[in-house]
Amino acid sequence: MTASEAKGARRAVRLVITGKVQGVWFRAWMVEEARARSLDGWVRNRADGSVEALVAGEAKAIDSMIEACHAGPPSARVAKVAVSPAEAPERSGFFQKGRD
């Protein structure tokens, strides 16, 4: 961990979660988990069966969210969580978006 992360530095990442992640309340679960961590961004289903999310906030909260996404809600079976850098969202709060 860098000194800036330790001091609560903010960052944003794009997540693409694959596996059995649609039809298992993944998006609603993610909204709840992200809001509990005071994160900003959105989550949506993708046409290819994956779930995509933009997550922004304190680095430690994002790391915690990524870790939680590896398990997901009880009915999900996560195969992979791909993480890439992203620009912070334009609006605050965390919400569900329509399918891509």
# chains A, B, ... in the order shown; residues from 1 in each chain; ligands from 1
call {"tool": "residues_around", "arguments": {"residues": "A:Ser64", "least_positions_apart": "3", "cutoff": "12 Å", "atoms": "only C-alpha atoms", "output": "JSON, numbers by chain"}}
result
{"A": [33, 34, 36, 37, 38, 39, 55, 57, 58, 59, 60, 61, 67, 68, 69, 70, 71]}
call {"tool": "write_last_selection", "arguments": {"atoms": "C-alpha atoms", "output": "PDB file, in the first residue's frame"}}
result
ATOM      1  CA  GLU A  33     -22.474  -3.385  -0.960  1.00  0.00           C
ATOM      2  CA  ALA A  34     -21.169  -0.282  -2.763  1.00  0.00           C
ATOM      3  CA  ALA A  36     -22.317   0.461   2.451  1.00  0.00           C
ATOM      4  CA  ARG A  37     -18.744   1.368   1.448  1.00  0.00           C
ATOM      5  CA  SER A  38     -19.701   4.941   0.395  1.00  0.00           C
ATOM      6  CA  LEU A  39     -18.671   4.260  -3.197  1.00  0.00           C
ATOM      7  CA  VAL A  55     -16.668   1.954  -8.917  1.00  0.00           C
ATOM      8  CA  GLY A  57     -14.069   6.066  -3.934  1.00  0.00           C
ATOM      9  CA  GLU A  58     -11.387   5.500  -1.336  1.00  0.00           C
ATOM     10  CA  ALA A  59      -8.806   2.953  -2.438  1.00  0.00           C
ATOM     11  CA  LYS A  60      -9.358   0.695   0.593  1.00  0.00           C
ATOM     12  CA  ALA A  61     -13.133   0.647   0.004  1.00  0.00           C
ATOM     13  CA  GLU A  67     -12.786  -8.764  -2.933  1.00  0.00           C
ATOM     14  CA  ALA A  68     -16.534  -9.009  -2.223  1.00  0.00           C
ATOM     15  CA  CYS A  69     -17.265  -9.297  -5.966  1.00  0.00           C
ATOM     16  CA  HIS A  70     -15.153 -12.453  -6.166  1.00  0.00           C
ATOM     17  CA  ALA A  71     -17.868 -14.152  -4.074  1.00  0.00           C
TER      18      ALA A  71
END
call {"tool": "residues_around", "arguments": {"residues": "stretch 80-88 of chain A", "least_positions_apart": "3", "cutoff": "6 Å", "atoms": "only C-alpha atoms", "output": "MDAnalysis selection string"}}
result
chainID A and resid 12:18 56
call {"tool": "atom_distance", "arguments": {"atom1": "atom CA of A:Lys97", "atom2": "atom CA of A:Val43"}}
result
5.9 Å
call {"tool": "select_by_dssp", "arguments": {"residues": "stretch 61-94 of chain A", "states": "helix (DSSP H, G or I)", "output": "ChimeraX atom specification"}}
result
/A:61-69
call {"tool": "closest_residue", "arguments": {"among": "A:Ala47, A:Val78, A:Ala53, A:Ala9", "to": "A:Met30", "atoms": "only C-alpha atoms"}}
result
A:Ala53
call {"tool": "atom_distance", "arguments": {"atom1": "atom CA of A:Leu54", "atom2": "atom CA of A:Ala28"}}
result
14.5 Å
call {"tool": "residues_around", "arguments": {"residues": "stretch 74-76 of chain A", "least_positions_apart": "2", "cutoff": "7 Å", "atoms": "only C-alpha atoms", "output": "mmCIF file with C-alpha atoms, in the first residue's frame"}}
result
data_model
loop_
_atom_site.group_PDB
_atom_site.id
_atom_site.type_symbol
_atom_site.label_atom_id
_atom_site.label_comp_id
_atom_site.auth_asym_id
_atom_site.auth_seq_id
_atom_site.Cartn_x
_atom_site.Cartn_y
_atom_site.Cartn_z
ATOM 1 C CA LYS A 20 -23.260 -17.084 -13.331
ATOM 2 C CA VAL A 21 -23.844 -13.424 -12.486
ATOM 3 C CA VAL A 24 -29.006 -13.989 -9.291
ATOM 4 C CA GLY A 72 -20.952 -12.101 -5.008
ATOM 5 C CA VAL A 78 -18.214 -15.830 -10.099
#
call {"tool": "atom_distance", "arguments": {"atom1": "atom CA of A:Arg11", "atom2": "atom CA of A:Pro73"}}
result
24.4 Å
call {"tool": "closest_residue", "arguments": {"among": "A:Arg91, A:Arg27, A:Arg77, A:Arg10", "to": "A:Asn45", "atoms": "only C-alpha atoms"}}
result
A:Arg27
call {"tool": "closest_residue", "arguments": {"among": "A:Trp29, A:Asp63, A:Arg46, A:Ala79", "to": "A:Phe95", "atoms": "only C-alpha atoms"}}
result
A:Trp29
call {"tool": "decode", "arguments": {"residues": "chain A", "atoms": "C-alpha atoms", "output": "mmCIF file, in the first residue's frame"}}
result
data_model
loop_
_atom_site.group_PDB
_atom_site.id
_atom_site.type_symbol
_atom_site.label_atom_id
_atom_site.label_comp_id
_atom_site.auth_asym_id
_atom_site.auth_seq_id
_atom_site.Cartn_x
_atom_site.Cartn_y
_atom_site.Cartn_z
ATOM 1 C CA MET A 1 0.000 0.000 0.000
ATOM 2 C CA THR A 2 1.293 3.403 -0.920
ATOM 3 C CA ALA A 3 1.228 6.410 1.405
ATOM 4 C CA SER A 4 -1.559 8.036 -0.647
ATOM 5 C CA GLU A 5 -3.724 4.904 -0.368
ATOM 6 C CA ALA A 6 -3.182 4.849 3.376
ATOM 7 C CA LYS A 7 -4.433 8.440 3.600
ATOM 8 C CA GLY A 8 -7.714 7.632 1.816
ATOM 9 C CA ALA A 9 -6.782 8.517 -1.767
ATOM 10 C CA ARG A 10 -9.643 8.209 -4.246
ATOM 11 C CA ARG A 11 -9.537 6.186 -7.438
ATOM 12 C CA ALA A 12 -11.911 4.636 -9.948
ATOM 13 C CA VAL A 13 -11.967 1.216 -11.588
ATOM 14 C CA ARG A 14 -14.055 -0.635 -14.137
ATOM 15 C CA LEU A 15 -15.055 -4.176 -13.195
ATOM 16 C CA VAL A 16 -16.271 -6.900 -15.535
ATOM 17 C CA ILE A 17 -17.582 -9.885 -13.598
ATOM 18 C CA THR A 18 -18.132 -13.178 -15.433
ATOM 19 C CA GLY A 19 -19.683 -16.495 -14.478
ATOM 20 C CA LYS A 20 -23.260 -17.084 -13.331
ATOM 21 C CA VAL A 21 -23.844 -13.424 -12.486
ATOM 22 C CA GLN A 22 -27.129 -12.521 -14.199
ATOM 23 C CA GLY A 23 -30.489 -13.565 -12.781
ATOM 24 C CA VAL A 24 -29.006 -13.989 -9.291
ATOM 25 C CA TRP A 25 -29.614 -10.464 -7.857
ATOM 26 C CA PHE A 26 -25.985 -9.509 -8.476
ATOM 27 C CA ARG A 27 -26.750 -5.895 -9.416
ATOM 28 C CA ALA A 28 -29.006 -5.241 -6.412
ATOM 29 C CA TRP A 29 -26.450 -6.894 -4.139
ATOM 30 C CA MET A 30 -23.678 -4.765 -5.610
ATOM 31 C CA VAL A 31 -25.659 -1.541 -5.106
ATOM 32 C CA GLU A 32 -26.140 -2.449 -1.448
ATOM 33 C CA GLU A 33 -22.474 -3.385 -0.960
ATOM 34 C CA ALA A 34 -21.169 -0.282 -2.763
ATOM 35 C CA ARG A 35 -23.425 2.081 -0.826
ATOM 36 C CA ALA A 36 -22.317 0.461 2.451
ATOM 37 C CA ARG A 37 -18.744 1.368 1.448
ATOM 38 C CA SER A 38 -19.701 4.941 0.395
ATOM 39 C CA LEU A 39 -18.671 4.260 -3.197
ATOM 40 C CA ASP A 40 -19.894 6.091 -6.291
ATOM 41 C CA GLY A 41 -20.654 4.575 -9.666
ATOM 42 C CA TRP A 42 -22.989 2.162 -11.377
ATOM 43 C CA VAL A 43 -23.584 -1.476 -12.261
ATOM 44 C CA ARG A 44 -25.327 -3.032 -15.272
ATOM 45 C CA ASN A 45 -25.862 -6.325 -17.064
ATOM 46 C CA ARG A 46 -24.084 -6.783 -20.376
ATOM 47 C CA ALA A 47 -25.459 -8.550 -23.426
ATOM 48 C CA ASP A 48 -22.687 -11.175 -23.184
ATOM 49 C CA GLY A 49 -23.955 -12.392 -19.768
ATOM 50 C CA SER A 50 -21.401 -10.554 -17.659
ATOM 51 C CA VAL A 51 -21.936 -7.719 -15.194
ATOM 52 C CA GLU A 52 -20.042 -4.442 -15.635
ATOM 53 C CA ALA A 53 -19.503 -1.812 -12.956
ATOM 54 C CA LEU A 54 -17.769 1.527 -12.521
ATOM 55 C CA VAL A 55 -16.668 1.954 -8.917
ATOM 56 C CA ALA A 56 -15.070 5.096 -7.446
ATOM 57 C CA GLY A 57 -14.069 6.066 -3.934
ATOM 58 C CA GLU A 58 -11.387 5.500 -1.336
ATOM 59 C CA ALA A 59 -8.806 2.953 -2.438
ATOM 60 C CA LYS A 60 -9.358 0.695 0.593
ATOM 61 C CA ALA A 61 -13.133 0.647 0.004
ATOM 62 C CA ILE A 62 -12.610 -0.233 -3.660
ATOM 63 C CA ASP A 63 -10.248 -3.066 -2.740
ATOM 64 C CA SER A 64 -12.868 -4.359 -0.302
ATOM 65 C CA MET A 65 -15.567 -4.161 -2.994
ATOM 66 C CA ILE A 66 -13.401 -6.042 -5.504
ATOM 67 C CA GLU A 67 -12.786 -8.764 -2.933
ATOM 68 C CA ALA A 68 -16.534 -9.009 -2.223
ATOM 69 C CA CYS A 69 -17.265 -9.297 -5.966
ATOM 70 C CA HIS A 70 -15.153 -12.453 -6.166
ATOM 71 C CA ALA A 71 -17.868 -14.152 -4.074
ATOM 72 C CA GLY A 72 -20.952 -12.101 -5.008
ATOM 73 C CA PRO A 73 -24.414 -12.817 -3.638
ATOM 74 C CA PRO A 74 -25.259 -16.373 -2.493
ATOM 75 C CA SER A 75 -26.719 -17.598 -5.829
ATOM 76 C CA ALA A 76 -23.882 -16.229 -7.981
ATOM 77 C CA ARG A 77 -20.972 -18.299 -9.234
ATOM 78 C CA VAL A 78 -18.214 -15.830 -10.099
ATOM 79 C CA ALA A 79 -15.611 -17.088 -12.553
ATOM 80 C CA LYS A 80 -13.531 -13.901 -12.895
ATOM 81 C CA VAL A 81 -13.404 -10.264 -11.850
ATOM 82 C CA ALA A 82 -11.435 -8.214 -14.398
ATOM 83 C CA VAL A 83 -10.266 -4.841 -13.047
ATOM 84 C CA SER A 84 -9.050 -1.889 -15.121
ATOM 85 C CA PRO A 85 -8.442 1.811 -14.356
ATOM 86 C CA ALA A 86 -11.305 4.182 -15.141
ATOM 87 C CA GLU A 87 -12.419 7.796 -14.959
ATOM 88 C CA ALA A 88 -14.581 8.735 -11.976
ATOM 89 C CA PRO A 89 -18.329 8.878 -12.672
ATOM 90 C CA GLU A 90 -19.972 12.242 -13.274
ATOM 91 C CA ARG A 91 -22.615 11.771 -10.602
ATOM 92 C CA SER A 92 -22.354 10.756 -6.969
ATOM 93 C CA GLY A 93 -24.078 7.764 -5.415
ATOM 94 C CA PHE A 94 -24.245 4.197 -6.681
ATOM 95 C CA PHE A 95 -27.052 2.953 -8.933
ATOM 96 C CA GLN A 96 -28.129 0.371 -11.505
ATOM 97 C CA LYS A 97 -27.975 1.244 -15.182
ATOM 98 C CA GLY A 98 -29.809 -0.418 -18.056
ATOM 99 C CA ARG A 99 -28.180 -3.177 -20.100
ATOM 100 C CA ASP A 100 -25.372 -2.104 -22.438
#
